[in-house]
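Asks: Just dropping this structure here.
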Amino acid sequence: MPLTVVRREHMHLYAREPRTRTAKNAVDALLRLQHAEEQQLDNARSESGLTKNEFLAVRYMLQARRDGRAMGPKDLAVMLNVSNASVTKIVDGLVVKGDFVRSAHPTDRRAQVLEPTVQAAQKIDESYARFHEAVVEVVDHLSREDNEVLARVLSSVVQALTGGAPAPVDEYTIEEPAPAGS
């Protein structure tokens with residue numbers, strides 16, 4: 001019985017039934033997508049051999065490096081919402097595993113700078129590869145119109161969930177080229 005509850009928990013999230021069968025099918029599809037994404041994230045963490053906080057730490061550090069920002073243990077403690085003692089344990093473990101390198105801060109001799117290693121980047125990239133490839137493969141085969149509808153609907157759902165809070169600016173968004181003859 002308990003496993004049945006866990007396996008089906010994601011299928012009954014709505015407070016009230018959607019008004020139409022097609023709306024219910026759409027909500028159910030979104031819930032299945034959310035569940036599949038959670039499973040893939042759990043699989044990615046497991047495949048990487050990292051704990052949840054180690055996995056997040058590596059992801060945050062990789063993003064900081066891509067953005068050209070130096071980060072140290074204090075920054076990581078804030079991002080992970082853990083104590084300084086906990087972040088020290090996390091960082092120590094990642095250094096021992098060869099996923100992080102510590103170095104002295106260039107201007108503050110009391111501070112450290114953390115850098116993710118190539119090994120760490122490979123762990124994260126390999127653990128996410130199947131998920132990203134599957135999503136891109138499906139979306140790449142949709143028509144332009146279907147992609148526009150999908151993007152608009154998902155954006156509306158996100159806006160409803162976040163209460164319209166502004167999303168962070170994403171300088172990496174790829175703009176679709178205008179159709180020829182426009």
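Chain labels follow the order of the structure tokens: the first chain is A, the next B, and so on; residue numbering restarts at 1 in every chain, and ligands are counted from 1 in their shown order.
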Just want the 12 Å neighbourhood of range 96-104 of chain A, counted on only C-alpha atoms, with same-chain residues fewer than 6 positions away dropped. Output as a PyMOL selection string.
Replies: chain A and resi 48-50+54-55+57-62+70-73+88-90+110-124
Asks: Since we have the selection now, will you write its residues out, keeping N, CA and C atoms, as a JSON list (two decimals), in the first residue's frame?
Replies:
[["chain", "number", "residue", "atom", "x", "y", "z"],
["A", 48, "SER", "N", 25.82, 10.91, -10.15],
["A", 48, "SER", "CA", 27.00, 11.75, -9.93],
["A", 48, "SER", "C", 27.81, 11.28, -8.72],
["A", 49, "GLY", "N", 27.18, 10.49, -7.84],
["A", 49, "GLY", "CA", 27.87, 10.04, -6.63],
["A", 49, "GLY", "C", 27.98, 11.12, -5.57],
["A", 50, "LEU", "N", 27.18, 12.17, -5.71],
["A", 50, "LEU", "CA", 27.22, 13.28, -4.78],
["A", 50, "LEU", "C", 25.95, 13.32, -3.92],
["A", 54, "GLU", "N", 26.01, 18.50, -2.04],
["A", 54, "GLU", "CA", 27.21, 18.50, -2.87],
["A", 54, "GLU", "C", 26.85, 18.76, -4.33],
["A", 55, "PHE", "N", 25.80, 18.09, -4.78],
["A", 55, "PHE", "CA", 25.33, 18.24, -6.16],
["A", 55, "PHE", "C", 24.95, 19.69, -6.44],
["A", 57, "ALA", "N", 25.92, 22.33, -4.74],
["A", 57, "ALA", "CA", 27.12, 23.15, -4.62],
["A", 57, "ALA", "C", 27.90, 23.15, -5.93],
["A", 58, "VAL", "N", 28.07, 21.99, -6.52],
["A", 58, "VAL", "CA", 28.81, 21.90, -7.79],
["A", 58, "VAL", "C", 28.06, 22.66, -8.87],
["A", 59, "ARG", "N", 26.75, 22.49, -8.94],
["A", 59, "ARG", "CA", 25.96, 23.22, -9.95],
["A", 59, "ARG", "C", 26.10, 24.72, -9.77],
["A", 60, "TYR", "N", 25.98, 25.21, -8.53],
["A", 60, "TYR", "CA", 26.10, 26.65, -8.28],
["A", 60, "TYR", "C", 27.49, 27.16, -8.65],
["A", 61, "MET", "N", 28.51, 26.39, -8.32],
["A", 61, "MET", "CA", 29.87, 26.83, -8.62],
["A", 61, "MET", "C", 30.13, 26.82, -10.12],
["A", 62, "LEU", "N", 29.60, 25.85, -10.83],
["A", 62, "LEU", "CA", 29.76, 25.84, -12.29],
["A", 62, "LEU", "C", 29.07, 27.05, -12.92],
["A", 70, "ALA", "N", 33.64, 35.01, -8.92],
["A", 70, "ALA", "CA", 34.40, 34.23, -7.93],
["A", 70, "ALA", "C", 33.49, 34.00, -6.73],
["A", 71, "MET", "N", 33.50, 32.77, -6.22],
["A", 71, "MET", "CA", 32.69, 32.45, -5.04],
["A", 71, "MET", "C", 33.53, 31.69, -4.04],
["A", 72, "GLY", "N", 33.20, 31.92, -2.79],
["A", 72, "GLY", "CA", 33.87, 31.21, -1.71],
["A", 72, "GLY", "C", 32.86, 30.46, -0.86],
["A", 73, "PRO", "N", 33.35, 29.84, 0.20],
["A", 73, "PRO", "CA", 32.47, 29.07, 1.08],
["A", 73, "PRO", "C", 31.32, 29.88, 1.68],
["A", 88, "THR", "N", 31.54, 23.98, 5.31],
["A", 88, "THR", "CA", 32.93, 23.54, 5.41],
["A", 88, "THR", "C", 33.01, 22.03, 5.18],
["A", 89, "LYS", "N", 32.10, 21.29, 5.77],
["A", 89, "LYS", "CA", 32.08, 19.84, 5.58],
["A", 89, "LYS", "C", 31.81, 19.48, 4.11],
["A", 90, "ILE", "N", 30.88, 20.17, 3.50],
["A", 90, "ILE", "CA", 30.55, 19.92, 2.09],
["A", 90, "ILE", "C", 31.76, 20.22, 1.21],
["A", 110, "ARG", "N", 41.98, 36.69, 4.16],
["A", 110, "ARG", "CA", 41.24, 35.83, 5.09],
["A", 110, "ARG", "C", 40.24, 34.92, 4.37],
["A", 111, "ALA", "N", 39.97, 35.22, 3.11],
["A", 111, "ALA", "CA", 38.93, 34.50, 2.37],
["A", 111, "ALA", "C", 39.53, 33.49, 1.39],
["A", 112, "GLN", "N", 38.68, 32.57, 0.98],
["A", 112, "GLN", "CA", 39.06, 31.56, -0.01],
["A", 112, "GLN", "C", 38.16, 31.71, -1.24],
["A", 113, "VAL", "N", 38.69, 31.25, -2.35],
["A", 113, "VAL", "CA", 37.91, 31.16, -3.58],
["A", 113, "VAL", "C", 37.83, 29.67, -3.93],
["A", 114, "LEU", "N", 36.66, 29.24, -4.32],
["A", 114, "LEU", "CA", 36.46, 27.86, -4.72],
["A", 114, "LEU", "C", 36.31, 27.80, -6.24],
["A", 115, "GLU", "N", 36.87, 26.76, -6.81],
["A", 115, "GLU", "CA", 36.74, 26.53, -8.25],
["A", 115, "GLU", "C", 36.32, 25.09, -8.48],
["A", 116, "PRO", "N", 35.29, 24.88, -9.29],
["A", 116, "PRO", "CA", 34.94, 23.50, -9.65],
["A", 116, "PRO", "C", 35.98, 22.98, -10.65],
["A", 117, "THR", "N", 36.25, 21.70, -10.60],
["A", 117, "THR", "CA", 37.21, 21.09, -11.51],
["A", 117, "THR", "C", 36.52, 20.61, -12.78],
["A", 118, "VAL", "N", 37.32, 20.24, -13.76],
["A", 118, "VAL", "CA", 36.80, 19.65, -14.99],
["A", 118, "VAL", "C", 36.03, 18.38, -14.65],
["A", 119, "GLN", "N", 36.55, 17.61, -13.71],
["A", 119, "GLN", "CA", 35.87, 16.37, -13.27],
["A", 119, "GLN", "C", 34.46, 16.68, -12.76],
["A", 120, "ALA", "N", 34.33, 17.73, -11.98],
["A", 120, "ALA", "CA", 33.02, 18.11, -11.44],
["A", 120, "ALA", "C", 32.07, 18.48, -12.57],
["A", 121, "ALA", "N", 32.55, 19.25, -13.54],
["A", 121, "ALA", "CA", 31.71, 19.65, -14.67],
["A", 121, "ALA", "C", 31.26, 18.43, -15.46],
["A", 122, "GLN", "N", 32.16, 17.48, -15.64],
["A", 122, "GLN", "CA", 31.80, 16.26, -16.37],
["A", 122, "GLN", "C", 30.74, 15.47, -15.62],
["A", 123, "LYS", "N", 30.85, 15.37, -14.30],
["A", 123, "LYS", "CA", 29.84, 14.66, -13.50],
["A", 123, "LYS", "C", 28.46, 15.26, -13.72],
["A", 124, "ILE", "N", 28.38, 16.57, -13.64],
["A", 124, "ILE", "CA", 27.08, 17.23, -13.77],
["A", 124, "ILE", "C", 26.57, 17.10, -15.21]]
Asks: Could you tell me how far CA of Ala77 in chain A lies from CA of Asp108 in chain A, in Å and to one decimal?
Replies: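 Separation of CA of Ala77 in chain A and CA of Asp108 in chain A: 18.1 Å.
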Asks: To one decimal in Å, tell me the separation between CA of Ala64 in chain A and CA of Leu76 in chain A.
Replies: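 Answer for the CA of Ala64 in chain A to CA of Leu76 in chain A separation: 10.4 Å.
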Asks: Looking only at helix (DSSP H, G or I) from DSSP on the backbone, list the matching residues of chain A as a PyMOL selection string.
Replies: chain A and resi 2-11+21-48+52-66+73-80+84-97+118-140+144-162
Asks: Sorted by chain and rising residue number, which residues of range 8-76 of chain A lie within 12 Å of range 134-143 of chain A, and what are their closest atom pairs and distances in Å to one decimal, counting only C-alpha atoms, as a tab-separated table?
Replies:
residue	atom	partner	partner_atom	distance
A:Leu33	CA	A:Val135	CA	10.5
A:Ala36	CA	A:Val135	CA	11.3
A:Glu37	CA	A:Val135	CA	10.2
A:Gln40	CA	A:Ala134	CA	11.0
Asks: Between CA of Val157 in chain A and CA of Asn81 in chain A, what is the distance, to one decimal in Å?
Replies: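 Computing it gives 27.0 Å between the two atoms.
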Asks: So, counting only C-alpha atoms, which residue among A:Thr22, A:Thr107, A:Asn84, A:Ser127 is closest to Arg45 in chain A?
Replies: A:Ser127
Asks: Running DSSP on the backbone, which parts of chain A land in strand (DSSP E or B), as a list in words?
Replies: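 Residues of chain A classed as strand (DSSP E or B): Met71, Phe100, Val101, Arg102, Ser103, Ala104, Gln112, Val113, Leu114, Glu115 and Pro116 of chain A.
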Asks: Restrict the selected residues to N, CA, C and O atoms and save them as an mmCIF file, in the first residue's frame.
Replies:
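Saved result, again-v2.cif, follows:
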data_model
loop_
_atom_site.group_PDB
_atom_site.id
_atom_site.type_symbol
_atom_site.label_atom_id
_atom_site.label_comp_id
_atom_site.auth_asym_id
_atom_site.auth_seq_id
_atom_site.Cartn_x
_atom_site.Cartn_y
_atom_site.Cartn_z
ATOM 1 N N MET A 71 33.504 32.768 -6.221
ATOM 2 C CA MET A 71 32.691 32.454 -5.036
ATOM 3 C C MET A 71 33.531 31.686 -4.039
ATOM 4 O O MET A 71 34.399 30.904 -4.405
ATOM 5 N N PHE A 100 36.359 20.152 -6.260
ATOM 6 C CA PHE A 100 36.630 21.562 -5.984
ATOM 7 C C PHE A 100 38.113 21.738 -5.707
ATOM 8 O O PHE A 100 38.771 20.834 -5.191
ATOM 9 N N VAL A 101 38.600 22.933 -6.016
ATOM 10 C CA VAL A 101 39.939 23.354 -5.650
ATOM 11 C C VAL A 101 39.787 24.654 -4.872
ATOM 12 O O VAL A 101 39.033 25.531 -5.288
ATOM 13 N N ARG A 102 40.497 24.734 -3.750
ATOM 14 C CA ARG A 102 40.503 25.964 -2.960
ATOM 15 C C ARG A 102 41.728 26.792 -3.342
ATOM 16 O O ARG A 102 42.786 26.245 -3.580
ATOM 17 N N SER A 103 41.543 28.108 -3.339
ATOM 18 C CA SER A 103 42.690 28.992 -3.519
ATOM 19 C C SER A 103 42.464 30.257 -2.696
ATOM 20 O O SER A 103 41.342 30.526 -2.261
ATOM 21 N N ALA A 104 43.535 30.994 -2.498
ATOM 22 C CA ALA A 104 43.440 32.234 -1.720
ATOM 23 C C ALA A 104 42.692 33.287 -2.529
ATOM 24 O O ALA A 104 42.847 33.381 -3.752
ATOM 25 N N GLN A 112 38.684 32.569 0.985
ATOM 26 C CA GLN A 112 39.056 31.565 -0.011
ATOM 27 C C GLN A 112 38.165 31.705 -1.236
ATOM 28 O O GLN A 112 37.037 32.189 -1.155
ATOM 29 N N VAL A 113 38.689 31.249 -2.353
ATOM 30 C CA VAL A 113 37.914 31.160 -3.583
ATOM 31 C C VAL A 113 37.829 29.673 -3.926
ATOM 32 O O VAL A 113 38.810 28.940 -3.794
ATOM 33 N N LEU A 114 36.660 29.245 -4.320
ATOM 34 C CA LEU A 114 36.458 27.860 -4.723
ATOM 35 C C LEU A 114 36.313 27.799 -6.237
ATOM 36 O O LEU A 114 35.699 28.668 -6.841
ATOM 37 N N GLU A 115 36.866 26.755 -6.810
ATOM 38 C CA GLU A 115 36.738 26.528 -8.248
ATOM 39 C C GLU A 115 36.315 25.088 -8.479
ATOM 40 O O GLU A 115 36.932 24.170 -7.937
ATOM 41 N N PRO A 116 35.286 24.875 -9.289
ATOM 42 C CA PRO A 116 34.944 23.499 -9.650
ATOM 43 C C PRO A 116 35.978 22.980 -10.651
ATOM 44 O O PRO A 116 36.515 23.747 -11.447
#
Asks: Determine the nearest neighbour of Phe131 in chain A from the options A:Leu154, A:Leu41, A:Ala23, A:Leu56, counting only C-alpha atoms.
Replies: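 Smallest separation from Phe131 in chain A among the options: A:Leu41.
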Asks: Which is closer to Leu150 in chain A than all the others in A:His105, A:Pro18, A:Ala26, A:Gln34, using only C-alpha atoms?
Replies: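 Once distances to Leu150 in chain A are computed over only C-alpha atoms, the minimum belongs to A:Ala26.
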Asks: Restricting the calculation to only C-alpha atoms: of A:Asp67, A:Asp125, A:Asp28, A:Asp92, which residue gets closest to Glu47 in chain A?
Replies: A:Asp125
